[in-house]
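Quick look at structure15.cif (mmCIF, C-alpha atoms):
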data_data
#
loop_
_atom_site.label_atom_id
_atom_site.label_comp_id
_atom_site.auth_asym_id
_atom_site.auth_seq_id
_atom_site.Cartn_x
_atom_site.Cartn_y
_atom_site.Cartn_z
CA MET A 7 87.73 31.66 123.62
CA SER A 8 88.07 28.79 126.11
CA LYS A 9 84.93 28.43 128.20
CA GLN A 10 83.98 26.10 131.02
CA THR A 11 82.32 23.07 129.42
CA ILE A 12 79.97 20.35 130.55
CA ARG A 13 83.06 18.23 131.25
CA ASP A 14 83.84 20.57 134.16
CA LEU A 15 80.48 20.13 135.91
CA ASP A 16 79.56 17.74 138.70
CA LEU A 17 76.76 15.87 136.94
CA SER A 18 76.07 12.78 139.02
CA GLY A 19 72.57 12.92 140.49
CA LYS A 20 72.08 16.49 139.26
CA LYS A 21 69.27 18.02 137.22
CA VAL A 22 70.83 19.94 134.35
CA LEU A 23 68.96 22.70 132.51
CA VAL A 24 70.23 22.55 128.92
CA ARG A 25 69.36 25.41 126.57
CA VAL A 26 69.17 23.59 123.23
CA ASP A 27 68.34 24.92 119.78
CA PHE A 28 65.51 22.71 118.56
CA ASN A 29 64.18 25.45 116.27
CA VAL A 30 63.76 22.95 113.45
CA PRO A 31 61.67 23.15 110.26
CA LEU A 32 58.35 21.32 110.32
CA THR A 33 56.13 20.01 107.54
CA LYS A 34 52.60 21.34 107.04
CA GLU A 35 51.46 18.30 109.02
CA GLY A 36 53.74 19.28 111.92
CA ALA A 37 56.41 16.58 111.52
CA VAL A 38 60.11 17.42 111.86
CA SER A 39 61.44 17.77 108.30
CA ASP A 40 65.10 18.37 109.21
CA ASP A 41 66.43 17.02 112.53
CA ARG A 42 70.02 18.21 112.08
CA ARG A 43 69.87 20.55 115.07
CA ILE A 44 68.42 17.84 117.30
CA LYS A 45 71.16 15.43 116.27
CA ALA A 46 73.79 18.10 116.88
CA ALA A 47 72.76 18.28 120.55
CA LEU A 48 72.99 14.53 121.15
CA PRO A 49 76.68 14.41 122.19
CA THR A 50 76.02 16.88 125.02
CA LEU A 51 72.78 15.22 126.10
CA ASN A 52 74.25 11.71 126.05
CA PHE A 53 77.34 12.83 127.97
CA ALA A 54 75.19 14.26 130.76
CA LEU A 55 72.99 11.16 130.91
CA GLU A 56 75.98 8.81 130.90
CA HIS A 57 77.40 10.71 133.89
CA GLY A 58 74.30 10.30 136.02
CA ALA A 59 72.40 13.50 135.29
CA SER A 60 68.78 14.11 134.39
CA LEU A 61 67.87 16.73 131.81
CA VAL A 62 65.48 19.67 131.64
CA LEU A 63 65.56 20.89 128.04
CA VAL A 64 64.66 24.43 127.04
CA SER A 65 64.18 25.55 123.43
CA HIS A 66 62.24 27.95 121.26
CA LEU A 67 60.51 27.10 118.01
CA GLY A 68 59.69 29.82 115.52
CA ARG A 69 58.11 33.12 116.52
CA PRO A 70 54.84 32.36 118.33
CA SER A 71 52.35 35.19 118.66
CA GLY A 72 51.82 34.77 122.39
CA LYS A 73 48.14 33.95 121.78
CA PRO A 74 47.50 30.31 122.76
CA GLU A 75 44.79 29.83 120.15
CA GLU A 76 47.30 30.75 117.41
CA ASP A 77 50.35 28.94 118.76
CA ALA A 78 49.53 25.24 118.35
CA ALA A 79 51.91 24.94 115.40
CA PHE A 80 54.80 26.07 117.62
CA ARG A 81 54.40 23.44 120.34
CA LEU A 82 57.36 21.14 120.86
CA ASP A 83 55.43 17.84 120.97
CA ARG A 84 56.71 16.53 117.64
CA VAL A 85 60.22 17.71 118.44
CA ALA A 86 60.12 15.77 121.71
CA GLU A 87 58.90 12.69 119.85
CA ARG A 88 61.83 12.88 117.42
CA LEU A 89 64.27 13.42 120.29
CA GLN A 90 62.93 10.29 122.01
CA GLU A 91 63.56 8.28 118.84
CA LEU A 92 67.12 9.61 118.53
CA LEU A 93 68.01 9.19 122.21
CA GLY A 94 66.46 5.74 122.46
CA ARG A 95 64.97 6.50 125.87
CA PRO A 96 61.70 7.99 127.19
CA VAL A 97 61.26 11.74 126.88
CA THR A 98 58.57 13.58 128.83
CA LYS A 99 57.05 16.73 127.32
CA VAL A 100 55.03 19.22 129.40
CA ASN A 101 52.77 22.02 128.23
CA ASP A 102 54.27 24.87 130.22
CA THR A 103 57.68 26.34 131.00
CA VAL A 104 57.72 27.38 134.66
CA GLY A 105 54.21 26.55 135.87
CA PRO A 106 52.99 23.77 138.19
CA GLU A 107 53.18 21.07 135.49
CA ALA A 108 56.80 21.88 134.70
CA GLN A 109 57.73 22.12 138.38
CA ALA A 110 56.15 18.75 139.19
CA ALA A 111 57.76 17.03 136.19
CA ALA A 112 61.20 18.45 137.00
CA ALA A 113 60.91 17.47 140.67
CA ALA A 114 60.01 13.90 139.65
CA LEU A 115 63.04 13.46 137.37
CA ALA A 116 65.32 10.58 138.31
CA PRO A 117 68.87 10.18 136.96
CA GLY A 118 68.63 9.36 133.27
CA GLY A 119 65.30 11.14 132.88
CA VAL A 120 64.66 13.66 130.10
CA LEU A 121 62.09 16.46 130.26
CA VAL A 122 61.25 18.86 127.42
CA LEU A 123 59.57 22.09 128.46
CA GLU A 124 57.10 23.87 126.20
CA ASN A 125 58.37 26.43 123.69
CA VAL A 126 60.12 28.98 125.89
CA ARG A 127 58.90 31.86 123.72
CA PHE A 128 55.33 31.10 124.78
CA ASN A 129 56.26 32.97 127.94
CA PRO A 130 56.64 36.76 127.38
CA GLY A 131 59.37 36.81 130.02
CA GLU A 132 61.74 35.04 127.62
CA LYS A 133 62.03 37.82 125.05
CA LYS A 134 62.06 40.49 127.76
CA GLY A 135 64.85 38.82 129.73
CA ASP A 136 62.55 38.97 132.76
CA PRO A 137 64.47 38.15 135.98
CA THR A 138 61.42 36.64 137.73
CA PHE A 139 60.80 34.28 134.84
CA ALA A 140 64.53 33.47 134.69
CA ALA A 141 64.65 32.63 138.40
CA ALA A 142 61.64 30.32 138.06
CA LEU A 143 63.22 28.54 135.09
CA ALA A 144 66.57 28.19 136.85
CA GLY A 145 64.77 26.81 139.90
CA LEU A 146 63.94 23.64 137.96
CA ALA A 147 67.57 22.43 137.93
CA ASP A 148 70.94 22.34 139.68
CA ALA A 149 73.19 23.42 136.80
CA TYR A 150 73.01 25.16 133.42
CA VAL A 151 74.49 24.26 130.04
CA ASN A 152 74.27 26.43 126.92
CA ASP A 153 74.27 24.20 123.84
CA ALA A 154 72.24 26.53 121.61
CA PHE A 155 74.78 28.20 119.36
CA GLY A 156 72.07 29.38 116.97
CA THR A 157 70.66 31.58 119.75
CA CYS A 158 73.93 32.76 121.33
CA HIS A 159 73.58 36.21 119.77
CA ARG A 160 70.28 36.75 121.59
CA ASP A 161 69.97 38.31 125.05
CA GLU A 162 66.80 36.40 125.91
CA ALA A 163 66.17 35.15 129.44
CA SER A 164 67.15 31.53 128.81
CA MET A 165 70.46 32.66 127.29
CA VAL A 166 71.63 35.28 129.81
CA ALA A 167 69.41 35.85 132.86
CA VAL A 168 68.91 32.12 133.56
CA PRO A 169 72.62 31.18 133.73
CA GLU A 170 73.21 34.22 135.93
CA CYS A 171 70.94 32.56 138.50
CA PHE A 172 73.42 29.69 138.94
CA PRO A 173 76.77 29.80 140.79
CA ALA A 174 79.72 30.17 138.40
CA ASP A 175 80.83 26.56 138.90
CA ARG A 176 77.43 25.34 137.66
CA ARG A 177 77.42 27.16 134.32
CA ALA A 178 78.96 25.72 131.16
CA ILE A 179 78.71 25.35 127.42
CA GLY A 180 77.96 22.07 125.67
CA PHE A 181 79.93 20.29 122.98
CA LEU A 182 77.99 21.86 120.11
CA VAL A 183 78.77 25.42 121.22
CA GLU A 184 82.37 24.43 122.02
CA LYS A 185 82.89 23.06 118.50
CA GLU A 186 81.32 26.12 116.85
CA LEU A 187 83.59 28.46 118.83
CA GLN A 188 86.68 26.41 118.03
CA ILE A 189 85.87 26.44 114.30
CA LEU A 190 85.23 30.18 114.29
CA ASP A 191 88.40 30.88 116.26
CA THR A 192 90.40 28.93 113.66
CA LEU A 193 88.70 30.72 110.76
CA LEU A 194 89.32 34.17 112.17
CA LYS A 195 92.81 33.66 113.60
CA HIS A 196 94.53 30.69 111.97
CA PRO A 197 92.86 29.80 108.65
CA LYS A 198 94.66 27.47 106.28
CA PRO A 199 95.67 29.67 103.31
CA PRO A 200 94.56 30.65 100.80
CA MET A 201 91.17 31.55 102.23
CA VAL A 202 88.10 32.13 100.05
CA ALA A 203 84.72 33.39 101.25
CA LEU A 204 81.40 33.11 99.41
CA MET A 205 78.67 35.53 100.34
CA GLY A 206 75.18 35.12 98.91
CA GLY A 207 71.63 35.80 99.94
CA ALA A 208 69.39 38.77 99.36
CA LYS A 209 70.85 41.72 101.22
CA VAL A 210 74.18 43.51 101.17
CA SER A 211 73.10 45.17 104.41
CA ASP A 212 73.18 41.80 106.22
CA LYS A 213 76.81 41.22 105.22
CA ILE A 214 78.50 44.65 105.40
CA LEU A 215 80.29 44.08 108.71
CA VAL A 216 81.13 40.48 107.82
CA ILE A 217 82.71 41.53 104.54
CA GLU A 218 84.69 44.32 106.21
CA ASN A 219 85.99 41.92 108.85
CA LEU A 220 86.87 39.15 106.41
CA LEU A 221 88.56 41.22 103.69
CA PRO A 222 91.99 41.38 105.37
CA LYS A 223 91.93 37.58 105.79
CA VAL A 224 90.69 36.34 102.42
CA GLU A 225 92.30 36.08 99.01
CA ARG A 226 88.96 36.24 97.22
CA LEU A 227 85.43 37.19 98.27
CA LEU A 228 82.90 35.67 95.86
CA ILE A 229 79.46 37.26 95.59
CA GLY A 230 76.20 35.57 94.62
CA GLY A 231 72.49 35.78 95.30
CA ALA A 232 70.31 38.86 94.99
CA MET A 233 72.93 40.99 96.75
CA THR A 234 74.84 40.82 93.44
CA TYR A 235 72.47 43.33 91.91
CA THR A 236 72.96 45.96 94.58
CA PHE A 237 76.69 45.81 93.80
CA LEU A 238 76.07 46.00 90.05
CA LYS A 239 73.68 48.93 90.51
CA ALA A 240 76.30 50.66 92.63
CA GLN A 241 78.71 50.31 89.70
CA GLY A 242 76.17 51.95 87.40
CA HIS A 243 75.02 48.85 85.54
CA PRO A 244 71.36 48.24 84.62
CA THR A 245 69.78 45.54 86.77
CA GLY A 246 66.36 45.11 85.13
CA LYS A 247 63.74 43.99 87.65
CA SER A 248 66.34 42.41 89.96
CA ARG A 249 66.11 43.00 93.67
CA VAL A 250 68.24 45.99 94.68
CA GLU A 251 68.69 47.68 98.05
CA ALA A 252 68.45 51.22 96.75
CA ASP A 253 69.28 52.70 100.15
CA LYS A 254 72.51 50.68 100.43
CA LEU A 255 74.24 51.73 97.22
CA ASP A 256 76.74 53.95 99.05
CA GLU A 257 77.63 51.06 101.37
CA ALA A 258 78.06 48.80 98.34
CA ARG A 259 80.38 51.35 96.68
CA HIS A 260 82.37 51.56 99.91
CA LEU A 261 82.82 47.76 99.97
CA LEU A 262 83.80 47.67 96.29
CA GLU A 263 86.44 50.32 96.87
CA LEU A 264 87.67 48.68 100.07
CA ALA A 265 87.90 45.22 98.51
CA GLY A 266 89.47 46.09 95.18
CA ASP A 267 90.11 42.98 93.10
CA LYS A 268 89.44 40.69 96.07
CA LEU A 269 85.70 41.05 95.52
CA VAL A 270 84.49 38.93 92.61
CA LEU A 271 81.05 39.46 91.04
CA PRO A 272 79.27 36.96 88.78
CA GLN A 273 80.30 37.03 85.12
CA ASP A 274 76.96 35.62 83.93
CA HIS A 275 73.45 35.29 85.33
CA LEU A 276 70.38 33.12 85.05
CA VAL A 277 67.53 35.60 84.62
CA ALA A 278 63.77 35.16 84.48
CA THR A 279 60.74 37.24 83.65
CA SER A 280 59.32 36.71 87.16
CA LEU A 281 59.89 34.83 90.42
CA ASP A 282 57.56 32.07 89.25
CA PRO A 283 59.43 28.75 88.86
CA ASN A 284 57.66 28.30 85.52
CA ALA A 285 58.72 31.69 84.17
CA GLU A 286 60.75 32.11 80.99
CA THR A 287 64.51 32.02 81.70
CA LYS A 288 67.78 32.62 79.90
CA VAL A 289 71.47 33.07 80.68
CA VAL A 290 72.99 36.51 80.08
CA ALA A 291 76.71 37.22 80.11
CA GLY A 292 78.39 40.29 81.53
CA THR A 293 77.20 42.90 84.00
CA GLU A 294 73.95 44.14 82.47
CA ILE A 295 70.51 42.67 83.20
CA PRO A 296 67.99 43.43 80.43
CA ASP A 297 64.82 45.39 81.08
CA GLY A 298 61.93 43.20 82.17
CA TRP A 299 64.21 40.44 83.55
CA LEU A 300 65.50 39.71 87.04
CA GLY A 301 68.55 37.77 88.17
CA LEU A 302 67.69 34.62 90.14
CA ASP A 303 70.93 32.61 90.06
CA ILE A 304 74.56 32.78 89.04
CA GLY A 305 75.20 31.52 85.51
CA PRO A 306 77.18 28.40 84.48
CA ALA A 307 80.41 30.28 83.69
CA THR A 308 80.35 31.89 87.15
CA ALA A 309 79.63 28.55 88.82
CA ALA A 310 82.62 27.00 87.02
CA ALA A 311 84.91 29.92 87.91
CA TYR A 312 83.84 29.86 91.56
CA GLY A 313 84.37 26.10 91.60
CA GLU A 314 88.00 26.51 90.48
CA LEU A 315 88.68 29.10 93.19
CA ILE A 316 87.13 26.79 95.79
CA LYS A 317 89.17 23.83 94.50
CA ASN A 318 92.43 25.71 95.00
CA ALA A 319 91.57 27.18 98.42
CA GLY A 320 92.93 26.01 101.74
CA THR A 321 89.87 27.33 103.59
CA VAL A 322 86.39 28.15 102.27
CA ILE A 323 83.61 29.90 104.21
CA TRP A 324 80.16 30.00 102.63
CA ASN A 325 77.13 31.93 103.83
CA GLY A 326 74.11 32.63 101.64
CA PRO A 327 72.77 30.73 98.61
CA MET A 328 73.82 31.70 95.10
CA GLY A 329 70.22 31.97 93.91
CA LYS A 330 66.59 31.21 94.69
CA PHE A 331 67.47 27.60 95.44
CA GLU A 332 64.03 26.75 96.81
CA ASP A 333 62.85 26.44 93.18
CA GLU A 334 64.50 23.83 90.97
CA PRO A 335 65.13 26.12 87.95
CA TYR A 336 67.11 28.57 90.10
CA ARG A 337 69.23 26.23 92.22
CA LYS A 338 71.96 25.13 89.81
CA GLY A 339 74.49 27.72 91.01
CA THR A 340 73.99 26.79 94.66
CA VAL A 341 74.27 23.09 93.80
CA LYS A 342 77.49 23.63 91.83
CA VAL A 343 79.08 25.57 94.69
CA ALA A 344 78.04 22.86 97.16
CA GLU A 345 79.54 20.20 94.87
CA ALA A 346 82.81 22.11 94.62
CA MET A 347 83.04 22.48 98.39
CA ALA A 348 82.20 18.80 98.91
CA ASP A 349 85.04 17.84 96.53
CA SER A 350 87.53 20.30 98.05
CA ALA A 351 90.59 19.07 99.94
CA GLY A 352 90.56 22.26 102.01
CA VAL A 353 88.67 23.21 105.15
CA THR A 354 85.05 23.87 104.15
CA VAL A 355 82.68 25.66 106.52
CA VAL A 356 79.01 26.37 105.83
CA GLY A 357 77.56 29.23 107.83
CA GLY A 358 74.17 27.98 108.93
CA GLY A 359 70.73 29.27 107.98
CA GLU A 360 69.54 28.77 104.40
CA THR A 361 73.00 27.67 103.28
CA ALA A 362 72.97 24.79 105.76
CA GLU A 363 69.46 23.86 104.62
CA ALA A 364 70.67 23.81 101.01
CA VAL A 365 73.69 21.54 101.54
CA GLU A 366 71.54 19.24 103.67
CA GLU A 367 68.84 19.08 100.98
CA PHE A 368 71.39 18.43 98.24
CA GLY A 369 73.09 15.65 100.25
CA TYR A 370 76.47 17.34 100.79
CA ALA A 371 76.35 18.20 104.49
CA GLU A 372 78.39 15.17 105.56
CA LYS A 373 81.14 16.09 103.09
CA MET A 374 81.74 19.54 104.61
CA SER A 375 84.32 20.10 107.34
CA HIS A 376 81.65 21.87 109.37
CA VAL A 377 78.04 22.96 108.91
CA SER A 378 77.12 25.57 111.51
CA THR A 379 73.81 25.32 113.35
CA GLY A 380 73.59 29.10 113.66
CA GLY A 381 72.94 31.50 110.80
CA GLY A 382 72.70 34.85 112.59
CA ALA A 383 75.09 33.82 115.36
CA PHE A 384 77.64 32.58 112.82
CA LEU A 385 77.51 35.86 110.90
CA GLU A 386 77.84 37.98 114.03
CA CYS A 387 80.89 35.95 115.08
CA LEU A 388 82.43 36.61 111.67
CA GLU A 389 81.73 40.31 112.27
CA GLY A 390 83.89 40.04 115.39
CA LYS A 391 81.07 40.56 117.88
CA SER A 392 81.02 39.07 121.39
CA PHE A 393 77.91 37.61 123.01
CA ASN A 394 76.48 38.22 126.48
CA SER A 395 75.31 34.60 126.55
CA LEU A 396 78.96 33.53 126.50
CA LYS A 397 80.23 36.25 128.80
CA VAL A 398 78.14 34.75 131.63
CA ILE A 399 79.92 31.38 131.20
CA PRO A 400 83.22 31.32 133.12
CA ASP A 401 86.49 30.97 131.25
CA ARG A 402 88.55 27.86 131.88
#
Show the structure stored in the file as structure tokens.
Amino acid sequence: MSKQTIRDLDLSGKKVLVRVDFNVPLTKEGAVSDDRRIKAALPTLNFALEHGASLVLVSHLGRPSGKPEEDAAFRLDRVAERLQELLGRPVTKVNDTVGPEAQAAAAALAPGGVLVLENVRFNPGEKKGDPTFAAALAGLADAYVNDAFGTCHRDEASMVAVPECFPADRRAIGFLVEKELQILDTLLKHPKPPMVALMGGAKVSDKILVIENLLPKVERLLIGGAMTYTFLKAQGHPTGKSRVEADKLDEARHLLELAGDKLVLPQDHLVATSLDPNAETKVVAGTEIPDGWLGLDIGPATAAAYGELIKNAGTVIWNGPMGKFEDEPYRKGTVKVAEAMADSAGVTVVGGGETAEAVEEFGYAEKMSHVSTGGGAFLECLEGKSFNSLKVIPDR
């Protein structure tokens, strides 16, 4: 998919509305705890500024309620402060999206200026794709750039209706979205063989279409996380107190039959008496989880076996942690997989979301070929879906 990029726009003296994905995690005190997504947007932002543009930046943060008295934690003030530090130039933040304050600040922008609008989801028109809201937002700038891959699967106003307000020659994608699309195109059409995929996380239901789409392309599909126990239950094995999607057992059986020996389930498990990080734990071998215990991580034999398969792969895609990695006792499997990918000579791609958070936390992000900024968007691309937010950007 070759789309018009920011390189194709006339930027000199223009105000450029850039839809960024600054939906970053914050500490309890409101500070940015992981600025990876902000840093990922810098190449696009710096390119525009170096070519004489000014910037109007649009982002969401979390899921605000729409009630101002409850939404203070979702304001973008601290995000704007971190962006200013990273850009090394002044950044103005306003407290509305399309109101008088935003209009005045946008009108006052000189080349090289940077304006951050308030959380776009504070306005109900964003989620509704409201054309009046979209027109007002588009009216703040001369051109539009989509550099928010993590939101590309959404049909919200800032992703679809806003770019439609601009002439075709003033719509483009940024470098972040361009890189994500190039990586995904390579994975789906021209992966370096052999290709191995790791799927973890809680729900089989989140990965059904991904697994179906990847099976013809992969040599092995390795399973981890709580979704393991839905597969084991579907095979008739006892799963103790482990999380199981009881309404997805038929889908799990379908995937097991479809995959044959390509689908690999853990050969041992770290189990605990409860979710509490201080609970009693033990490693059990095989496919049966004892009564009163629940699986919270892959076991050491599985981690070693998965590591060997990763080591010998030409391409590895990973989406979903191997266990409850947020708690130290249940993160060893996720750490071991991250280590194996970091040491791999193949192409290693981490599919956003919690998996990206894990490799960042463990210090392996820089050793991966690519860490996606989009969890849901990455998965939907692997499913083979197309996005309206990209359809409105002209092809090159």
For Ala364 (chain A), work out the shell of residues within 12 Å, counting all atoms listed in the file and skipping chain neighbours fewer than 6 positions away, then give it as an NGL selection string. :A and (40 or 324-334 or 337-345 or 356-358 or 370-371 or 377)
Kindly export the residues of the current selection with C-alpha atoms, as a PDB file, in the coordinates of the input.
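Contents of out.pdb, as written:
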ATOM      1  CA  ASP A  40      65.100  18.370 109.210  1.00  0.00           C
ATOM      2  CA  TRP A 324      80.160  30.000 102.630  1.00  0.00           C
ATOM      3  CA  ASN A 325      77.130  31.930 103.830  1.00  0.00           C
ATOM      4  CA  GLY A 326      74.110  32.630 101.640  1.00  0.00           C
ATOM      5  CA  PRO A 327      72.770  30.730  98.610  1.00  0.00           C
ATOM      6  CA  MET A 328      73.820  31.700  95.100  1.00  0.00           C
ATOM      7  CA  GLY A 329      70.220  31.970  93.910  1.00  0.00           C
ATOM      8  CA  LYS A 330      66.590  31.210  94.690  1.00  0.00           C
ATOM      9  CA  PHE A 331      67.470  27.600  95.440  1.00  0.00           C
ATOM     10  CA  GLU A 332      64.030  26.750  96.810  1.00  0.00           C
ATOM     11  CA  ASP A 333      62.850  26.440  93.180  1.00  0.00           C
ATOM     12  CA  GLU A 334      64.500  23.830  90.970  1.00  0.00           C
ATOM     13  CA  ARG A 337      69.230  26.230  92.220  1.00  0.00           C
ATOM     14  CA  LYS A 338      71.960  25.130  89.810  1.00  0.00           C
ATOM     15  CA  GLY A 339      74.490  27.720  91.010  1.00  0.00           C
ATOM     16  CA  THR A 340      73.990  26.790  94.660  1.00  0.00           C
ATOM     17  CA  VAL A 341      74.270  23.090  93.800  1.00  0.00           C
ATOM     18  CA  LYS A 342      77.490  23.630  91.830  1.00  0.00           C
ATOM     19  CA  VAL A 343      79.080  25.570  94.690  1.00  0.00           C
ATOM     20  CA  ALA A 344      78.040  22.860  97.160  1.00  0.00           C
ATOM     21  CA  GLU A 345      79.540  20.200  94.870  1.00  0.00           C
ATOM     22  CA  VAL A 356      79.010  26.370 105.830  1.00  0.00           C
ATOM     23  CA  GLY A 357      77.560  29.230 107.830  1.00  0.00           C
ATOM     24  CA  GLY A 358      74.170  27.980 108.930  1.00  0.00           C
ATOM     25  CA  TYR A 370      76.470  17.340 100.790  1.00  0.00           C
ATOM     26  CA  ALA A 371      76.350  18.200 104.490  1.00  0.00           C
ATOM     27  CA  VAL A 377      78.040  22.960 108.910  1.00  0.00           C
TER      28      VAL A 377
END
Go through A:Tyr312, A:Trp299, A:Phe237, A:Phe393 one by one, measure the shortest atom-to-atom distance of each to Ile214 (chain A) using all atoms listed in the file, and give the residue with the smallest value. A:Phe237
Just the number, please: distance in Å from CA of Thr379 (chain A) to CA of Cys171 (chain A), one decimal.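 Going from CA of Thr379 (chain A) over to CA of Cys171 (chain A), I get 26.3 Å.
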Which of these, A:Thr157, A:Ser350, A:Asn318, A:Ser18, has the shortest distance to Ser60 (chain A) once you count all atoms listed in the file? A:Ser18
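Interatomic distance, CA of Val64 (chain A) to CA of Asn125 (chain A): 7.4 Å.
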Can you pull out every residue within 7 Å of region 44-46 of chain A, counting only C-alpha atoms, but drop anything in the same chain fewer than 2 positions away, and send it as a CSV table (one decimal) with C-alpha atoms, in the frame of the given file?
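Contents of result_39.csv, as written:
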chain,number,residue,atom,x,y,z
A,28,PHE,CA,65.5,22.7,118.6
A,41,ASP,CA,66.4,17.0,112.5
A,42,ARG,CA,70.0,18.2,112.1
A,48,LEU,CA,73.0,14.5,121.2
A,89,LEU,CA,64.3,13.4,120.3
A,182,LEU,CA,78.0,21.9,120.1
Report, in Å with one decimal, the straight-line distance from CA of Arg176 (chain A) to CA of Leu63 (chain A).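 Rounded to one decimal, the two atoms are 15.9 Å apart.
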Non-local contacts of Gln241 (chain A) (9 Å; all atoms listed in the file; under 3 positions in same chain excluded) as a VMD selection string: chain A and resid 236 to 238 255 258 to 259 262
